[in-house]
2 protein chains.
Amino acid sequence: MTRVRKSGGKRAATLADVGQLAGVSAMAVSAVLNQARTSSRISPATRERIRRAAETLNYRPNIAARALATRRMQTIGVAAVVEGVELNDYFLEVFKGVLAAASARGQNTTVFALHNWGSDAARLPKMCDGRIDGVILVAPIMEAGAMDLPSHTPFVSIHANENLGGVPNIESDEEQGAYEMVRHLASLGHRRIMHLAGPLGTTGRDRRIHGYKRGLAGARVPFDRELLVTADFTTATARDSLRHWLRGHAGHLLPQAIFAANDNAAIGCMEVLAELGLRVPDDVSVAGFDDTLVARIAVPQLSSVRQPLRAIGAKAVEMLLARIEHPASPAATKARARSIVFPVDLVLRASVAMPPAVDRVVPTRR
Amino acid sequence: MTRVRKSGGKRAATLADVGQLAGVSAMAVSAVLNQARTSSRISPATRERIRRAAETLNYRPNIAARALATRRMQTIGVAAVVEGVELNDYFLEVFKGVLAAASARGQNTTVFALHNWGSDAARLPKMCDGRIDGVILVAPIMEAGAMDLPSHTPFVSIHANENLGGVPNIESDEEQGAYEMVRHLASLGHRRIMHLAGPLGTTGRDRRIHGYKRGLAGARVPFDRELLVTADFTTATARDSLRHWLRGHAGHLLPQAIFAANDNAAIGCMEVLAELGLRVPDDVSVAGFDDTLVARIAVPQLSSVRQPLRAIGAKAVEMLLARIEHPASPAATKARARSIVFPVDLVLRASVAMPPAVDRVVPTRR
DNA sequence: CTGAAAGCGCTTACAG
DNA sequence: CTGAAAGCGCTTACAG
């Protein structure tokens, strides 16, 4: 029943239009254009005629219609907090990995921008309404029980703050990264190594602290409580925290090195040191974490711990597609929800050097 | 004809399911849940019953089905080149503006990542297949005739390199920005102001050069050909171009200030100056363009020309939605395709100061 | 092996 | 004013 399109419509051509022009059914067009198994029964000549008709009419399949029939949108969602000015490069790197992998698999990517995980996570179920086939959670900070993710939508998380039941997580070996950076600093002769730690209640903080302590122990440097300072992952807070610490330690020995929770925090440290006329790395070495763009832009360039963010993003797509294409029972799903841990690398740049020959003292300033 | 769902399916509830539970037709459910005008005829009690049934079944409308019926996906596409490491912050800022505005209007945003405009622009028509209602082109570099954008899909461009027939463009007053920065430098006493210009064949380059020249003229500083150097919008090329220039001008007078095509290029300049032991701004002032994140991270912080990138992204969404919601004839569309120009601001930071009292000479180095 | 028919889940125009 | 029916454009199971 090849219906004729309503008049006046500048609307896109449909399968039926193509079929009409080629003198075959819409089904035959679908089979040929999708290279379905069934297309083999159609003669080469007819196939060519169909192709030409599609070309002539500039036919594009209507994805919404296809999605309704196949229950697949060929689209994955990425949920992330993109507002915080400072998370830019972390997110963008992961996102590029996602985009590249999704595109290679013919999948579209739509972004769900959250303001913060606490309140906006409740919006996630709304997004699982058939416009995406699965969702990647980027650095979610939420409790496993805080919300129930719709069971008909597959999820994968990256750097999740805690284990979300049934959601496989992809992360990197932050503990080892912190360990190696501290060992490196110690190998250069540093003994007073400050760690400007991430915010309380995050695994990112805990693991880096773990690695920091293990690194100190490995180098036979006693752990000094005074040198473990809590900040967070932003430049502003790092600046404040370090300023506050220095004010409270005027006249005391200055740390020889500062290992910050991430690159943004390290930048904050460099700014504070510059204010005091202290030079990096001559007076104090500074190291960061993540090896984001800012590490290369900083002057001097920042030593950091590289996480393979693009590869992590790409891996998330692979795992998500596997779950979309081979849905399993809830039990099996849970069993498969293993985490994947990527290795990290030390990236050494100019911000780290040997400690000064003469011990420095925290300058006194109003 | 309220059909009973196939057994075993853990699939999402449909309108029919909700209707069945509430004892009404699917249509009634649709009317109530969408707050259609027709819902007014349904009694408050029934409405409440429907709402409760939807809640119980955790009903979510299937967007693909709705899209098929309404011909609207409630989704806009953003096409951009995100691969170039250096364009990060420009894109991300625009993108944030798009996300926020789209979200506020209940629209989803999907990203089409292109490798480069030259070859990948051909993929654009494929994307206009019913999964998006319109497309925002971010910084497209292509010729108006190079490809015909599908006429049934509305487009809006941001910082388009040339006028794309029928596509309204949103940009900022780059010429004025360059002018003001040069006037500012001149007001501090700078006379030898180098401009490290963007790549040939881009309007971004031409406009900044225009503003640069107008600024010089306004300050009665004669234009010196030697001080107009072609680079591009990346740190690496800026570095190479400036190095090359300095090598060719050993022993000559050093520029007192360098106004770079953008922030990334300015960073490259600062790196080269640092290599030679020259200090910013004591020996040479440096200014950028865009006021991206790197401007605030640079040491010293970079003076720059701020473009309201978020506002530009948001405006693009507004204009696109207007076109989606009120489609016009091709002729009217073309007439409406006016460009919008946002004003820019000078952002003054530590990288610019008065020129040194004594003229500097380009150091000689192997 | 083939093609007409049913169905995906929604909305809207239209007959009662 | 109301509700049953048609239709959006595609795919797939199924009767010939």
# chains A, B, ... in the order shown; residues from 1 in each chain; ligands from 1
>>> closest_atom_pairs(of="chain C", to="chain B", cutoff="9 Å", atoms="only C-alpha atoms (C1' of nucleotides)", output="Markdown table")
| residue | atom | partner | partner_atom | distance |
| --- | --- | --- | --- | --- |
| C:DC8 | C1' | B:Ala65 | CA | 7.8 |
| C:DG9 | C1' | B:Ala65 | CA | 5.0 |
| C:DC10 | C1' | B:Arg66 | CA | 4.7 |
| C:DT11 | C1' | B:Ala69 | CA | 5.7 |
| C:DT12 | C1' | B:Ala69 | CA | 8.8 |
>>> write_last_selection(atoms="C-alpha atoms (C1' of nucleotides)", output="JSON list (two decimals), in the first residue's frame")
[["chain", "number", "residue", "atom", "x", "y", "z"],
["C", 8, "DC", "C1'", 6.73, -0.28, 17.90],
["C", 9, "DG", "C1'", 4.24, 3.90, 21.45],
["C", 10, "DC", "C1'", 2.82, 8.02, 20.88],
["C", 11, "DT", "C1'", -0.40, 12.25, 19.19],
["C", 12, "DT", "C1'", -3.94, 14.50, 16.65]]
>>> residues_around(residues="Asn108 in chain A", least_positions_apart="4", cutoff="7 Å", atoms="only C-alpha atoms (C1' of nucleotides)", output="list in words")
Gln74, Thr75, Ile76, Ala102 and Ser103 of chain A
>>> interface_residues(of="chain A", to="chain B", cutoff="8 Å", atoms="only C-alpha atoms", output="NGL selection string")
:A and (10-12 or 60-65 or 67-68 or 73 or 82-83 or 88-89 or 92 or 96 or 99-100 or 108-113 or 126 or 129-131 or 152 or 267 or 294 or 297-299)
>>> residues_around(residues="Met142 in chain A", least_positions_apart="3", cutoff="12 Å", atoms="only C-alpha atoms (C1' of nucleotides)", output="ChimeraX atom specification")
/A:116-122,137-139,145-149,157,159-165,201-203
>>> write_last_selection(atoms="C-alpha atoms", output="mmCIF file, in the first residue's frame")
data_model
loop_
_atom_site.group_PDB
_atom_site.id
_atom_site.type_symbol
_atom_site.label_atom_id
_atom_site.label_comp_id
_atom_site.auth_asym_id
_atom_site.auth_seq_id
_atom_site.Cartn_x
_atom_site.Cartn_y
_atom_site.Cartn_z
ATOM 1 C CA ASN A 116 25.760 18.583 41.046
ATOM 2 C CA TRP A 117 25.297 14.925 41.766
ATOM 3 C CA GLY A 118 23.520 15.441 45.027
ATOM 4 C CA SER A 119 20.344 16.946 43.690
ATOM 5 C CA ASP A 120 20.517 16.329 39.973
ATOM 6 C CA ALA A 121 21.020 12.593 40.105
ATOM 7 C CA ALA A 122 17.269 12.401 40.526
ATOM 8 C CA LEU A 137 28.261 8.390 34.473
ATOM 9 C CA VAL A 138 31.384 10.541 34.600
ATOM 10 C CA ALA A 139 32.822 10.927 38.080
ATOM 11 C CA GLY A 145 21.180 3.493 47.545
ATOM 12 C CA ALA A 146 20.470 7.164 46.958
ATOM 13 C CA MET A 147 18.599 6.501 43.733
ATOM 14 C CA ASP A 148 17.548 3.497 41.792
ATOM 15 C CA LEU A 149 18.778 3.612 38.261
ATOM 16 C CA SER A 157 30.518 4.644 35.528
ATOM 17 C CA HIS A 159 35.710 7.138 38.576
ATOM 18 C CA ALA A 160 32.596 6.537 40.616
ATOM 19 C CA ASN A 161 32.943 7.656 44.154
ATOM 20 C CA GLU A 162 31.578 4.436 45.485
ATOM 21 C CA ASN A 163 30.398 1.118 44.175
ATOM 22 C CA LEU A 164 26.999 1.556 42.552
ATOM 23 C CA GLY A 165 25.301 -1.818 42.676
ATOM 24 C CA GLY A 201 34.644 11.587 51.753
ATOM 25 C CA THR A 202 35.976 10.961 48.271
ATOM 26 C CA THR A 203 37.796 7.851 47.208
#
